[in-house]
Amino acid sequence: MQQILDALKQSVMIEDVRKQRDDLVFITVSEAQAVSAITHLRDRANFTHLVILTAVDWLEEGLFQLTYLLNNPAEKKDIGVRVMIDREKAQMESIHHLWPAAATYQRELREMFGISFPGSPRLNETFILDEGWDGPPPYRRDFDTLKYSEETYFPRPGRSTNDPAEYMKSMLYPEVDND
């Protein structure tokens, strides 16, 4: 894996390297160099499979972390490329030209986090959420699910919860006073 990183360092500035295992490393690169790093890994280091593209909301820092997990099937190695982007101007260059399947991940991140990937196909079509959703992106950490639920749905009285152990006792032994 070190040879791969050394070769990548010839063309891309790597900000951080975290070795998880012998076959898994995470690197952090700048937003401006992310697509170059990913392209290099695909074309020159045989990381030909995009496993996943996901995001983490670092609310307190005002950032989103995008993680592109790439796999080299021949060598059975994985590398995660981490990119920090501004949360308020949540936008990242698309990689759908490298892997068409990336468009699906990018649609999900746009809908659930509000991250835009200009040029990505079908980016603004409803993907996961119900048509007509007018709330903020629900995976952002500042999304208040209780407030949204109270404002969107009517209350349903009559709900109660039972302690599972006590409930099972009353169902199995109804004639015994379980108090």
# chains A, B, ... in the order shown; residues from 1 in each chain; ligands from 1
>>> residues_around(residues="region 114-128 of chain A", least_positions_apart="3", cutoff="6 Å", atoms="only C-alpha atoms", output="ChimeraX atom specification")
/A:90-94,103,107,109-111,137
>>> write_last_selection(atoms="N, CA, C and O atoms", output="PDB file, in the first residue's frame")
ATOM      1  N   ALA A  90     -22.397  23.422   0.352  1.00  0.00           N
ATOM      2  CA  ALA A  90     -22.165  21.983   0.194  1.00  0.00           C
ATOM      3  C   ALA A  90     -22.239  21.582  -1.276  1.00  0.00           C
ATOM      4  O   ALA A  90     -23.310  21.315  -1.816  1.00  0.00           O
ATOM      5  N   GLN A  91     -21.062  21.535  -1.885  1.00  0.00           N
ATOM      6  CA  GLN A  91     -20.973  21.202  -3.300  1.00  0.00           C
ATOM      7  C   GLN A  91     -19.652  20.501  -3.565  1.00  0.00           C
ATOM      8  O   GLN A  91     -18.624  20.868  -3.006  1.00  0.00           O
ATOM      9  N   MET A  92     -19.705  19.490  -4.432  1.00  0.00           N
ATOM     10  CA  MET A  92     -18.502  18.739  -4.779  1.00  0.00           C
ATOM     11  C   MET A  92     -18.588  18.330  -6.237  1.00  0.00           C
ATOM     12  O   MET A  92     -19.672  18.023  -6.736  1.00  0.00           O
ATOM     13  N   GLU A  93     -17.436  18.308  -6.890  1.00  0.00           N
ATOM     14  CA  GLU A  93     -17.364  17.874  -8.282  1.00  0.00           C
ATOM     15  C   GLU A  93     -17.831  16.422  -8.390  1.00  0.00           C
ATOM     16  O   GLU A  93     -17.493  15.575  -7.564  1.00  0.00           O
ATOM     17  N   SER A  94     -18.590  16.149  -9.435  1.00  0.00           N
ATOM     18  CA  SER A  94     -19.127  14.805  -9.638  1.00  0.00           C
ATOM     19  C   SER A  94     -18.051  13.846 -10.142  1.00  0.00           C
ATOM     20  O   SER A  94     -17.123  14.252 -10.846  1.00  0.00           O
ATOM     21  N   ALA A 103     -23.462   8.277  -9.657  1.00  0.00           N
ATOM     22  CA  ALA A 103     -24.608   9.186  -9.763  1.00  0.00           C
ATOM     23  C   ALA A 103     -25.686   8.827  -8.746  1.00  0.00           C
ATOM     24  O   ALA A 103     -26.349   9.707  -8.195  1.00  0.00           O
ATOM     25  N   ARG A 107     -26.996  11.341  -5.879  1.00  0.00           N
ATOM     26  CA  ARG A 107     -28.410  11.697  -5.722  1.00  0.00           C
ATOM     27  C   ARG A 107     -28.847  11.536  -4.272  1.00  0.00           C
ATOM     28  O   ARG A 107     -29.558  12.369  -3.717  1.00  0.00           O
ATOM     29  N   LEU A 109     -26.951  11.626  -1.549  1.00  0.00           N
ATOM     30  CA  LEU A 109     -26.327  12.651  -0.708  1.00  0.00           C
ATOM     31  C   LEU A 109     -26.950  14.025  -0.936  1.00  0.00           C
ATOM     32  O   LEU A 109     -27.063  14.814  -0.004  1.00  0.00           O
ATOM     33  N   ARG A 110     -27.370  14.314  -2.146  1.00  0.00           N
ATOM     34  CA  ARG A 110     -28.052  15.581  -2.411  1.00  0.00           C
ATOM     35  C   ARG A 110     -29.374  15.636  -1.657  1.00  0.00           C
ATOM     36  O   ARG A 110     -29.710  16.607  -0.998  1.00  0.00           O
ATOM     37  N   GLU A 111     -30.115  14.549  -1.718  1.00  0.00           N
ATOM     38  CA  GLU A 111     -31.426  14.528  -1.088  1.00  0.00           C
ATOM     39  C   GLU A 111     -31.357  14.474   0.436  1.00  0.00           C
ATOM     40  O   GLU A 111     -32.105  15.150   1.124  1.00  0.00           O
ATOM     41  N   PRO A 137     -32.978  18.708   4.462  1.00  0.00           N
ATOM     42  CA  PRO A 137     -32.381  17.379   4.320  1.00  0.00           C
ATOM     43  C   PRO A 137     -32.325  16.662   5.669  1.00  0.00           C
ATOM     44  O   PRO A 137     -31.740  17.158   6.628  1.00  0.00           O
TER      45      PRO A 137
END
>>> select_by_dssp(residues="region 65-124 of chain A", states="strand (DSSP E or B)", output="ChimeraX atom specification")
/A:65-72,77-86,91,116
>>> residues_around(residues="region 21-38 of chain A", least_positions_apart="3", cutoff="8 Å", atoms="only C-alpha atoms", output="ChimeraX atom specification")
/A:1,8,11-18,41-42,76-85,92-93,95
>>> residues_around(residues="Val51 (chain A)", least_positions_apart="2", cutoff="12 Å", atoms="only C-alpha atoms", output="PyMOL selection string")
chain A and resi 47-49+53-54+67-73+77-81+99+101-102+105
>>> atom_distance(atom1="CA of His97 (chain A)", atom2="CA of Gln65 (chain A)")
21.2 Å
>>> atom_distance(atom1="CA of Phe143 (chain A)", atom2="CA of Val56 (chain A)")
13.9 Å
>>> select_by_dssp(residues="region 97-128 of chain A", states="helix (DSSP H, G or I)", output="PyMOL selection string")
chain A and resi 102-113
>>> closest_residue(among="A:Pro136, A:Ala7, A:Glu88, A:Gln20", to="Phe64 (chain A)", atoms="only C-alpha atoms")
A:Glu88
>>> atom_distance(atom1="CA of Arg140 (chain A)", atom2="CA of Pro100 (chain A)")
25.6 Å
>>> closest_residue(among="A:Lys19, A:His96, A:Lys9, A:Arg141", to="His40 (chain A)", atoms="only C-alpha atoms")
A:Lys9
>>> decode(residues="region 92-129 of chain A", atoms="C-alpha atoms", output="mmCIF file, in the first residue's frame")
data_model
loop_
_atom_site.group_PDB
_atom_site.id
_atom_site.type_symbol
_atom_site.label_atom_id
_atom_site.label_comp_id
_atom_site.auth_asym_id
_atom_site.auth_seq_id
_atom_site.Cartn_x
_atom_site.Cartn_y
_atom_site.Cartn_z
ATOM 1 C CA MET A 92 -18.502 18.739 -4.779
ATOM 2 C CA GLU A 93 -17.364 17.874 -8.282
ATOM 3 C CA SER A 94 -19.127 14.805 -9.638
ATOM 4 C CA ILE A 95 -17.326 11.531 -10.332
ATOM 5 C CA HIS A 96 -20.140 9.956 -12.362
ATOM 6 C CA HIS A 97 -17.869 10.107 -15.421
ATOM 7 C CA LEU A 98 -15.513 7.668 -13.646
ATOM 8 C CA TRP A 99 -18.212 5.298 -12.366
ATOM 9 C CA PRO A 100 -21.778 5.718 -13.612
ATOM 10 C CA ALA A 101 -23.027 4.173 -10.338
ATOM 11 C CA ALA A 102 -21.625 7.196 -8.492
ATOM 12 C CA ALA A 103 -24.608 9.186 -9.763
ATOM 13 C CA THR A 104 -26.852 7.107 -7.490
ATOM 14 C CA TYR A 105 -24.762 7.859 -4.400
ATOM 15 C CA GLN A 106 -24.611 11.529 -5.371
ATOM 16 C CA ARG A 107 -28.410 11.697 -5.722
ATOM 17 C CA GLU A 108 -28.787 10.186 -2.263
ATOM 18 C CA LEU A 109 -26.327 12.651 -0.708
ATOM 19 C CA ARG A 110 -28.052 15.581 -2.411
ATOM 20 C CA GLU A 111 -31.426 14.528 -1.088
ATOM 21 C CA MET A 112 -30.434 13.442 2.418
ATOM 22 C CA PHE A 113 -27.644 15.974 3.203
ATOM 23 C CA GLY A 114 -28.233 18.753 0.665
ATOM 24 C CA ILE A 115 -24.833 18.252 -0.998
ATOM 25 C CA SER A 116 -24.821 19.209 -4.663
ATOM 26 C CA PHE A 117 -22.808 17.503 -7.405
ATOM 27 C CA PRO A 118 -23.174 19.783 -10.444
ATOM 28 C CA GLY A 119 -23.435 17.912 -13.716
ATOM 29 C CA SER A 120 -24.457 14.632 -12.124
ATOM 30 C CA PRO A 121 -27.407 13.064 -13.993
ATOM 31 C CA ARG A 122 -30.905 13.172 -12.481
ATOM 32 C CA LEU A 123 -29.497 14.915 -9.416
ATOM 33 C CA ASN A 124 -32.663 16.844 -8.572
ATOM 34 C CA GLU A 125 -35.150 14.025 -9.097
ATOM 35 C CA THR A 126 -36.799 12.567 -6.002
ATOM 36 C CA PHE A 127 -34.836 9.519 -4.970
ATOM 37 C CA ILE A 128 -35.568 8.273 -1.450
ATOM 38 C CA LEU A 129 -37.917 10.739 0.184
#
